[in-house]
$ cat work.pdb   # PDB, C-alpha atoms
ATOM      1  CA  MET A   1     -63.034 -90.404-112.366
ATOM      2  CA  ARG A   2     -66.169 -88.497-111.552
ATOM      3  CA  ILE A   3     -66.457 -85.770-114.185
ATOM      4  CA  GLY A   4     -69.720 -87.502-115.066
ATOM      5  CA  PHE A   5     -70.909 -86.455-111.617
ATOM      6  CA  LEU A   6     -70.866 -82.782-112.553
ATOM      7  CA  ILE A   7     -72.430 -83.279-115.947
ATOM      8  CA  GLY A   8     -74.970 -85.653-114.437
ATOM      9  CA  GLY A   9     -75.806 -83.260-111.647
ATOM     10  CA  LEU A  10     -76.215 -80.313-113.991
ATOM     11  CA  ALA A  11     -78.290 -82.340-116.380
ATOM     12  CA  LEU A  12     -80.460 -83.596-113.543
ATOM     13  CA  ALA A  13     -80.899 -80.054-112.314
ATOM     14  CA  VAL A  14     -81.893 -79.049-115.815
ATOM     15  CA  LEU A  15     -84.430 -81.878-115.971
ATOM     16  CA  VAL A  16     -85.921 -80.614-112.732
ATOM     17  CA  ILE A  17     -86.162 -77.213-114.339
ATOM     18  CA  GLY A  18     -88.104 -78.710-117.178
ATOM     19  CA  ALA A  19     -90.606 -80.132-114.759
ATOM     20  CA  LEU A  20     -91.506 -76.638-113.651
ATOM     21  CA  GLN A  21     -93.271 -76.026-116.941
ATOM     22  CA  TRP A  22     -95.967 -78.429-115.813
ATOM     23  CA  TRP A  23     -96.110 -77.179-112.204
ATOM     24  CA  ARG A  24     -98.951 -75.018-110.950
ATOM     25  CA  SER A  25     -99.313 -71.902-113.029
ATOM     26  CA  GLU A  26    -101.748 -69.049-113.196
ATOM     27  CA  PRO A  27    -104.475 -69.624-115.832
ATOM     28  CA  GLU A  28    -104.176 -67.522-118.939
ATOM     29  CA  PRO A  29    -106.707 -64.690-119.059
ATOM     30  CA  ILE A  30    -109.503 -65.140-121.567
ATOM     31  CA  VAL A  31    -109.492 -62.320-124.082
ATOM     32  CA  GLU A  32    -113.030 -61.733-125.325
ATOM     33  CA  ALA A  33    -113.534 -60.399-128.807
ATOM     34  CA  ILE A  34    -115.080 -56.904-128.738
ATOM     35  CA  GLU A  35    -117.081 -55.883-131.771
ATOM     36  CA  ILE A  36    -116.418 -52.257-132.720
ATOM     37  CA  ALA A  37    -119.140 -50.583-134.717
ATOM     38  CA  GLU A  38    -118.121 -48.628-137.803
ATOM     39  CA  PRO A  39    -118.535 -44.857-137.338
ATOM     40  CA  GLN A  40    -121.566 -43.412-139.127
ATOM     41  CA  GLN A  41    -120.863 -40.646-141.631
ATOM     42  CA  ALA A  42    -122.925 -37.494-141.144
ATOM     43  CA  PRO A  43    -125.337 -36.738-144.052
ATOM     44  CA  ASP A  44    -123.770 -33.354-144.889
ATOM     45  CA  THR A  45    -120.227 -34.649-144.820
ATOM     46  CA  PRO A  46    -118.776 -35.041-148.286
ATOM     47  CA  PRO A  47    -117.682 -38.553-149.116
ATOM     48  CA  THR A  48    -114.083 -39.412-148.467
ATOM     49  CA  PRO A  49    -112.203 -39.356-151.742
ATOM     50  CA  ALA A  50    -110.968 -42.743-152.911
ATOM     51  CA  ALA A  51    -107.278 -43.417-152.839
ATOM     52  CA  PRO A  52    -105.623 -42.814-156.189
ATOM     53  CA  ALA A  53    -105.042 -45.819-158.413
ATOM     54  CA  GLY A  54    -101.851 -47.646-157.628
ATOM     55  CA  SER A  55    -101.774 -46.360-154.064
ATOM     56  CA  GLU A  56    -100.327 -48.905-151.615
ATOM     57  CA  SER A  57    -102.107 -47.428-148.645
ATOM     58  CA  GLU A  58    -104.065 -50.084-146.748
ATOM     59  CA  PRO A  59    -106.094 -49.851-143.559
ATOM     60  CA  LEU A  60    -104.146 -50.848-140.476
ATOM     61  CA  ALA A  61    -105.224 -54.088-138.862
ATOM     62  CA  PRO A  62    -106.294 -53.757-135.231
ATOM     63  CA  ALA A  63    -103.499 -54.568-132.787
ATOM     64  CA  GLN A  64    -103.759 -58.036-131.305
ATOM     65  CA  PRO A  65    -103.101 -58.472-127.585
ATOM     66  CA  GLU A  66     -99.931 -60.390-126.773
ATOM     67  CA  PRO A  67    -100.585 -63.807-125.217
ATOM     68  CA  ALA A  68    -100.101 -63.889-121.481
ATOM     69  CA  VAL A  69     -97.128 -65.895-120.191
ATOM     70  CA  PRO A  70     -98.164 -68.262-117.389
ATOM     71  CA  GLU A  71     -96.425 -67.570-114.096
ATOM     72  CA  VAL A  72     -94.455 -70.519-112.761
ATOM     73  CA  VAL A  73     -95.156 -71.080-109.078
ATOM     74  CA  LEU A  74     -92.255 -72.838-107.390
ATOM     75  CA  PRO A  75     -92.628 -74.939-104.250
ATOM     76  CA  PRO A  76     -90.760 -73.897-101.098
ATOM     77  CA  LEU A  77     -87.169 -75.118-101.071
ATOM     78  CA  ASP A  78     -87.715 -77.229 -97.939
ATOM     79  CA  ALA A  79     -90.680 -78.973 -99.558
ATOM     80  CA  SER A  80     -89.341 -79.385-103.095
ATOM     81  CA  ASP A  81     -88.249 -83.050-103.042
ATOM     82  CA  GLU A  82     -91.657 -84.564-103.780
ATOM     83  CA  PHE A  83     -92.188 -81.927-106.449
ATOM     84  CA  VAL A  84     -88.914 -82.938-108.087
ATOM     85  CA  ARG A  85     -89.660 -86.663-107.989
ATOM     86  CA  PHE A  86     -93.230 -86.266-109.211
ATOM     87  CA  GLN A  87     -92.350 -83.990-112.081
ATOM     88  CA  LEU A  88     -89.406 -86.104-113.225
ATOM     89  CA  ALA A  89     -91.395 -89.342-113.205
ATOM     90  CA  PRO A  90     -92.469 -89.152-116.881
ATOM     91  CA  LEU A  91     -88.978 -88.162-118.031
ATOM     92  CA  ALA A  92     -87.377 -91.590-117.539
ATOM     93  CA  VAL A  93     -84.763 -90.296-115.104
ATOM     94  CA  PRO A  94     -83.011 -93.215-113.377
ATOM     95  CA  GLU A  95     -84.593 -93.872-109.995
ATOM     96  CA  GLN A  96     -81.241 -93.888-108.204
ATOM     97  CA  TRP A  97     -80.814 -90.228-109.205
ATOM     98  CA  LEU A  98     -83.868 -89.306-107.151
ATOM     99  CA  ASP A  99     -83.674 -91.723-104.226
ATOM    100  CA  ARG A 100     -82.276 -89.151-101.780
ATOM    101  CA  GLU A 101     -83.274 -85.991 -99.908
ATOM    102  CA  ASP A 102     -82.648 -82.270-100.420
ATOM    103  CA  LEU A 103     -82.359 -82.672-104.178
ATOM    104  CA  VAL A 104     -82.210 -78.969-105.012
ATOM    105  CA  ARG A 105     -79.586 -78.375-102.335
ATOM    106  CA  ARG A 106     -77.553 -81.211-103.816
ATOM    107  CA  PHE A 107     -77.812 -79.553-107.216
ATOM    108  CA  ALA A 108     -76.641 -76.295-105.689
ATOM    109  CA  VAL A 109     -73.547 -78.002-104.273
ATOM    110  CA  VAL A 110     -72.847 -79.460-107.721
ATOM    111  CA  VAL A 111     -73.060 -76.020-109.296
ATOM    112  CA  ASP A 112     -70.968 -74.431-106.537
ATOM    113  CA  ASN A 113     -68.256 -77.095-106.750
ATOM    114  CA  GLY A 114     -68.178 -77.130-110.521
ATOM    115  CA  ALA A 115     -67.720 -73.364-110.758
ATOM    116  CA  ARG A 116     -64.680 -73.676-108.471
ATOM    117  CA  GLY A 117     -63.215 -76.542-110.480
ATOM    118  CA  GLU A 118     -63.997 -79.144-107.814
ATOM    119  CA  VAL A 119     -65.750 -82.495-108.152
ATOM    120  CA  PRO A 120     -68.787 -82.939-105.853
ATOM    121  CA  SER A 121     -68.324 -86.671-105.371
ATOM    122  CA  ARG A 122     -70.241 -86.962-102.097
ATOM    123  CA  GLN A 123     -73.429 -85.454-103.508
ATOM    124  CA  LEU A 124     -73.311 -87.588-106.634
ATOM    125  CA  ASN A 125     -71.680 -90.783-105.444
ATOM    126  CA  PHE A 126     -74.513 -92.799-106.998
ATOM    127  CA  LEU A 127     -72.834 -92.204-110.390
ATOM    128  CA  THR A 128     -69.588 -93.895-109.356
ATOM    129  CA  PRO A 129     -68.528 -96.357-112.088
ATOM    130  CA  ALA A 130     -68.875 -99.989-111.092
ATOM    131  CA  LYS A 131     -65.406-100.925-112.344
ATOM    132  CA  PRO A 132     -62.377 -99.591-110.433
ATOM    133  CA  PHE A 133     -59.826 -97.188-111.908
ATOM    134  CA  ALA A 134     -57.085 -99.074-113.741
ATOM    135  CA  VAL A 135     -53.508 -98.341-114.789
ATOM    136  CA  VAL A 136     -51.039-100.207-116.990
ATOM    137  CA  GLU A 137     -47.275-100.417-116.642
ATOM    138  CA  ARG A 138     -44.907-100.388-119.597
ATOM    139  CA  GLY A 139     -41.145-100.135-119.246
ATOM    140  CA  GLY A 140     -41.395 -99.195-115.610
ATOM    141  CA  VAL A 141     -43.762 -96.293-116.378
ATOM    142  CA  LEU A 142     -47.402 -96.162-115.223
ATOM    143  CA  TYR A 143     -50.035 -95.077-117.741
ATOM    144  CA  LEU A 144     -53.732 -94.375-117.609
ATOM    145  CA  ASP A 145     -55.418 -97.548-118.879
ATOM    146  CA  PRO A 146     -57.634 -96.731-121.922
ATOM    147  CA  ALA A 147     -60.039 -99.396-120.669
ATOM    148  CA  ASN A 148     -61.155 -96.832-118.065
ATOM    149  CA  TYR A 149     -62.835 -94.748-120.742
ATOM    150  CA  GLN A 150     -65.586 -97.252-121.470
ATOM    151  CA  ARG A 151     -66.926 -96.896-117.930
ATOM    152  CA  PHE A 152     -68.296 -93.476-118.923
ATOM    153  CA  ASP A 153     -69.656 -94.209-122.421
ATOM    154  CA  ALA A 154     -73.260 -94.898-121.418
ATOM    155  CA  VAL A 155     -73.684 -91.901-119.105
ATOM    156  CA  THR A 156     -72.018 -89.601-121.653
ATOM    157  CA  ASP A 157     -74.369 -90.744-124.427
ATOM    158  CA  MET A 158     -77.403 -90.302-122.197
ATOM    159  CA  LEU A 159     -76.482 -86.856-120.912
ATOM    160  CA  THR A 160     -75.455 -85.427-124.268
ATOM    161  CA  GLY A 161     -78.745 -86.632-125.722
ATOM    162  CA  PHE A 162     -80.709 -83.813-124.070
ATOM    163  CA  ASP A 163     -81.708 -81.083-126.532
ATOM    164  CA  PRO A 164     -79.462 -78.046-125.782
ATOM    165  CA  ALA A 165     -82.171 -75.512-126.646
ATOM    166  CA  THR A 166     -84.616 -77.201-124.289
ATOM    167  CA  VAL A 167     -81.995 -77.394-121.559
ATOM    168  CA  ALA A 168     -81.204 -73.689-121.902
ATOM    169  CA  SER A 169     -84.832 -72.584-121.927
ATOM    170  CA  LEU A 170     -85.567 -74.652-118.838
ATOM    171  CA  ALA A 171     -82.476 -73.564-116.907
ATOM    172  CA  GLN A 172     -83.971 -70.167-116.254
ATOM    173  CA  ASN A 173     -86.939 -71.511-114.324
ATOM    174  CA  LEU A 174     -85.110 -73.398-111.596
ATOM    175  CA  SER A 175     -82.612 -70.617-110.889
ATOM    176  CA  PRO A 176     -84.584 -69.095-107.976
ATOM    177  CA  LEU A 177     -84.552 -72.340-105.999
ATOM    178  CA  ILE A 178     -80.917 -73.112-106.775
ATOM    179  CA  GLU A 179     -79.843 -69.583-105.920
ATOM    180  CA  GLN A 180     -81.702 -69.787-102.629
ATOM    181  CA  ALA A 181     -79.789 -72.984-101.855
ATOM    182  CA  LEU A 182     -76.537 -71.382-103.021
ATOM    183  CA  GLY A 183     -77.194 -68.495-100.644
ATOM    184  CA  GLU A 184     -77.290 -70.978 -97.779
ATOM    185  CA  LEU A 185     -73.743 -71.930 -98.804
ATOM    186  CA  GLY A 186     -72.658 -68.289 -98.687
ATOM    187  CA  ASN A 187     -72.566 -68.179-102.492
ATOM    188  CA  ASN A 188     -74.388 -65.174-103.915
ATOM    189  CA  LEU A 189     -73.418 -65.567-107.569
ATOM    190  CA  SER A 190     -76.086 -66.352-110.133
ATOM    191  CA  THR A 191     -76.703 -69.875-111.341
ATOM    192  CA  ARG A 192     -75.922 -68.797-114.898
ATOM    193  CA  GLU A 193     -72.539 -67.313-113.954
ATOM    194  CA  GLN A 194     -71.479 -70.485-112.230
ATOM    195  CA  LEU A 195     -72.723 -72.819-114.919
ATOM    196  CA  LEU A 196     -70.747 -70.820-117.472
ATOM    197  CA  SER A 197     -67.663 -70.986-115.271
ATOM    198  CA  ALA A 198     -67.887 -74.785-115.025
ATOM    199  CA  ILE A 199     -68.577 -75.100-118.754
ATOM    200  CA  ASP A 200     -65.584 -72.936-119.663
ATOM    201  CA  GLN A 201     -63.285 -75.078-117.544
ATOM    202  CA  ILE A 202     -64.516 -78.226-119.268
ATOM    203  CA  LEU A 203     -64.120 -76.668-122.720
ATOM    204  CA  ALA A 204     -60.502 -75.795-121.910
ATOM    205  CA  VAL A 205     -59.491 -79.422-121.282
ATOM    206  CA  PRO A 206     -57.127 -80.755-123.985
ATOM    207  CA  VAL A 207     -58.262 -83.813-125.927
ATOM    208  CA  ARG A 208     -55.525 -86.396-125.348
ATOM    209  CA  ARG A 209     -55.324 -89.432-127.611
ATOM    210  CA  ASP A 210     -51.788 -90.297-126.633
ATOM    211  CA  ASP A 211     -50.605 -92.267-123.615
ATOM    212  CA  ILE A 212     -50.991 -90.331-120.369
ATOM    213  CA  ALA A 213     -48.239 -91.084-117.852
ATOM    214  CA  LEU A 214     -49.004 -91.278-114.134
ATOM    215  CA  LEU A 215     -47.080 -91.133-110.894
ATOM    216  CA  GLN A 216     -47.985 -92.729-107.551
ATOM    217  CA  PRO A 217     -46.103 -90.851-104.824
ATOM    218  CA  ASN A 218     -48.554 -92.225-102.251
ATOM    219  CA  VAL A 219     -51.934 -93.946-102.358
ATOM    220  CA  LEU A 220     -53.382 -91.638-105.030
ATOM    221  CA  TYR A 221     -52.200 -91.333-108.615
ATOM    222  CA  GLU A 222     -51.010 -88.068-110.111
ATOM    223  CA  TYR A 223     -50.341 -87.002-113.668
ATOM    224  CA  ALA A 224     -46.662 -87.127-114.554
ATOM    225  CA  GLU A 225     -46.847 -84.003-116.733
ATOM    226  CA  PRO A 226     -46.781 -80.868-114.528
ATOM    227  CA  ARG A 227     -49.056 -78.915-116.888
ATOM    228  CA  VAL A 228     -51.670 -81.658-116.705
ATOM    229  CA  GLU A 229     -51.363 -82.073-112.948
ATOM    230  CA  ALA A 230     -51.862 -78.292-112.647
ATOM    231  CA  LEU A 231     -55.362 -78.558-114.137
ATOM    232  CA  SER A 232     -58.313 -78.266-111.780
ATOM    233  CA  PRO A 233     -59.735 -81.497-110.281
ATOM    234  CA  LEU A 234     -62.765 -81.067-112.542
ATOM    235  CA  GLN A 235     -60.573 -80.870-115.641
ATOM    236  CA  LYS A 236     -58.377 -83.783-114.620
ATOM    237  CA  GLN A 237     -61.409 -85.978-114.085
ATOM    238  CA  LEU A 238     -62.564 -85.207-117.626
ATOM    239  CA  LEU A 239     -59.269 -86.554-118.968
ATOM    240  CA  ARG A 240     -60.035 -89.846-117.250
ATOM    241  CA  MET A 241     -63.215 -90.156-119.296
ATOM    242  CA  GLY A 242     -61.166 -90.487-122.461
ATOM    243  CA  PRO A 243     -60.863 -88.492-125.682
ATOM    244  CA  ASP A 244     -64.072 -89.668-127.336
ATOM    245  CA  ASN A 245     -66.243 -88.826-124.329
ATOM    246  CA  THR A 246     -64.379 -85.535-123.890
ATOM    247  CA  VAL A 247     -65.164 -84.577-127.489
ATOM    248  CA  LYS A 248     -68.841 -85.483-127.044
ATOM    249  CA  ILE A 249     -69.200 -83.500-123.821
ATOM    250  CA  GLN A 250     -67.304 -80.480-125.133
ATOM    251  CA  GLY A 251     -69.322 -80.506-128.343
ATOM    252  CA  TYR A 252     -72.558 -80.614-126.383
ATOM    253  CA  LEU A 253     -71.511 -77.797-124.043
ATOM    254  CA  THR A 254     -70.334 -75.728-127.014
ATOM    255  CA  ARG A 255     -73.877 -75.871-128.367
ATOM    256  CA  LEU A 256     -75.416 -75.257-124.953
ATOM    257  CA  ARG A 257     -73.282 -72.357-123.757
ATOM    258  CA  PRO A 258     -74.537 -69.581-126.096
ATOM    259  CA  LEU A 259     -78.120 -70.577-125.314
ATOM    260  CA  LEU A 260     -77.850 -70.044-121.547
TER     261      LEU A 260
END

$ encode --input "work.pdb" --output "structure tokens"
Amino acid sequence: MRIGFLIGGLALAVLVIGALQWWRSEPEPIVEAIEIAEPQQAPDTPPTPAAPAGSESEPLAPAQPEPAVPEVVLPPLDASDEFVRFQLAPLAVPEQWLDREDLVRRFAVVVDNGARGEVPSRQLNFLTPAKPFAVVERGGVLYLDPANYQRFDAVTDMLTGFDPATVASLAQNLSPLIEQALGELGNNLSTREQLLSAIDQILAVPVRRDDIALLQPNVLYEYAEPRVEALSPLQKQLLRMGPDNTVKIQGYLTRLRPLL
């Protein structure tokens, strides 16, 4: 039921990345225009012959210096919470997303779990749907209640509303902090590698518009179809969001993936 946790966590991490563009940066150097005097022709030097008519030869324009790229200065990982909250303030991020500590480390756990096909529910429990998970029974068979899908409509629409190109361009900036936090978990893979791994798992989830049968061998429900039950926890949670939300999320990630 918490596939929105991963997407929400990644999107929140990406929003934090975006904030870095307004963080302290080195000022751009001022390039002063330098006037270059034309060389004087010696009196005894014969004049330079004019180019023949129809010639396409033109004087080369002086090379222009490339604009300097401001250097993003990241805060220390242990002191990054206030930076995150301050920079996200103008972005209309829900307050409950930020009302906690060690935000970057939480993002790192989301990335780490998602790459392994797990659902980081503890780190993102604030996204738990208000309504409980529901099933229906027909002919002695339990089915996933389609009414469950609506619980994820609003968060899906919000998260897939972020511009993929902006998300991708910002993802690069936060990587050093996330990778430092990942290193504390004993995970030395790059942020990009793990985001791609999580995305690929989500893209591989089948879109099911038919009834999905369930079993309840104990307290928890399981999928009745072995091939569905064999999916990773991350993939199985996506099924519980419903076909329409699955299509929206997969479409969004399909646009995002090649930009990372």

$ resolve_selection --input "work.pdb" --expression "the PyMOL selection byres ((chain A and resi 137) around 12)" --output "compact mmCIF listing (two decimals) with C-alpha atoms, in the coordinates of the input"
# COMPACT_ATOMS: atom_id res chain seq x y z
CA ALA A 134 -57.08 -99.07 -113.74
CA VAL A 135 -53.51 -98.34 -114.79
CA VAL A 136 -51.04 -100.21 -116.99
CA ARG A 138 -44.91 -100.39 -119.60
CA GLY A 139 -41.14 -100.14 -119.25
CA GLY A 140 -41.40 -99.20 -115.61
CA VAL A 141 -43.76 -96.29 -116.38
CA LEU A 142 -47.40 -96.16 -115.22
CA TYR A 143 -50.04 -95.08 -117.74
CA LEU A 144 -53.73 -94.38 -117.61
CA ASP A 145 -55.42 -97.55 -118.88
CA ASP A 211 -50.60 -92.27 -123.62
CA ILE A 212 -50.99 -90.33 -120.37
CA ALA A 213 -48.24 -91.08 -117.85
CA LEU A 214 -49.00 -91.28 -114.13
CA LEU A 215 -47.08 -91.13 -110.89
CA GLN A 216 -47.98 -92.73 -107.55

$ axis_aligned_box --input "work.pdb" --around "region 161-178 of chain A" --padding-each-side "8 Å" --output "AutoDock Vina command-line options"
--center_x -82.8 --center_y -77.9 --center_z -116.3 --size_x 24.2 --size_y 33.5 --size_z 36.6

$ atom_distance --input "work.pdb" --atom1 "CA of Gln180 (chain A)" --atom2 "CA of Asp112 (chain A)"
12.3 Å

$ resolve_selection --input "work.pdb" --expression "the PyMOL selection byres ((chain A and resi 155-160) around 7)" --output "JSON, numbers by chain"
{"A": [8, 11, 152, 153, 154, 161, 162, 245, 249, 252]}

$ resolve_selection --input "work.pdb" --expression "the PyMOL selection byres ((chain A and resi 179) around 8)" --output "PDB file with C-alpha atoms, in the frame of the given file"
ATOM      1  CA  ALA A 108     -76.641 -76.295-105.689  1.00  0.00           C
ATOM      2  CA  SER A 175     -82.612 -70.617-110.889  1.00  0.00           C
ATOM      3  CA  PRO A 176     -84.584 -69.095-107.976  1.00  0.00           C
ATOM      4  CA  LEU A 177     -84.552 -72.340-105.999  1.00  0.00           C
ATOM      5  CA  ILE A 178     -80.917 -73.112-106.775  1.00  0.00           C
ATOM      6  CA  GLN A 180     -81.702 -69.787-102.629  1.00  0.00           C
ATOM      7  CA  ALA A 181     -79.789 -72.984-101.855  1.00  0.00           C
ATOM      8  CA  LEU A 182     -76.537 -71.382-103.021  1.00  0.00           C
ATOM      9  CA  GLY A 183     -77.194 -68.495-100.644  1.00  0.00           C
ATOM     10  CA  ASN A 188     -74.388 -65.174-103.915  1.00  0.00           C
ATOM     11  CA  LEU A 189     -73.418 -65.567-107.569  1.00  0.00           C
ATOM     12  CA  SER A 190     -76.086 -66.352-110.133  1.00  0.00           C
ATOM     13  CA  THR A 191     -76.703 -69.875-111.341  1.00  0.00           C
TER      14      THR A 191
END

$ closest_residue --input "work.pdb" --among "A:Met241, A:Pro76, A:Pro217, A:Pro233" --to "Ser121 (chain A)" --atoms "all atoms listed in the file"
A:Pro233

$ residues_around --input "work.pdb" --residues "Leu231 (chain A)" --least-positions-apart "6" --cutoff "12 Å" --atoms "only C-alpha atoms" --output "count of residues only"
14

$ atom_distance --input "work.pdb" --atom1 "CA of Ala115 (chain A)" --atom2 "CA of Ala198 (chain A)"
4.5 Å

$ closest_residue --input "work.pdb" --among "A:Asp244, A:Glu95, A:Glu184, A:Asp163" --to "Leu77 (chain A)" --atoms "all atoms listed in the file"
A:Glu184

$ atom_distance --input "work.pdb" --atom1 "CA of Leu253 (chain A)" --atom2 "CA of Ser197 (chain A)"
11.8 Å

$ closest_residue --input "work.pdb" --among "A:Arg106, A:Arg122, A:Arg240, A:Arg151" --to "Arg209 (chain A)" --atoms "only C-alpha atoms"
A:Arg240

$ closest_residue --input "work.pdb" --among "A:Gly242, A:Val73, A:Arg105, A:Asp99" --to "Pro146 (chain A)" --atoms "all atoms listed in the file"
A:Gly242

$ residues_near_point --input "work.pdb" --point "(-87.9, -84.6, -104.5)" --cutoff "10 Å" --atoms "only C-alpha atoms" --output "NGL selection string"
:A and (16 or 78-88 or 98-104)
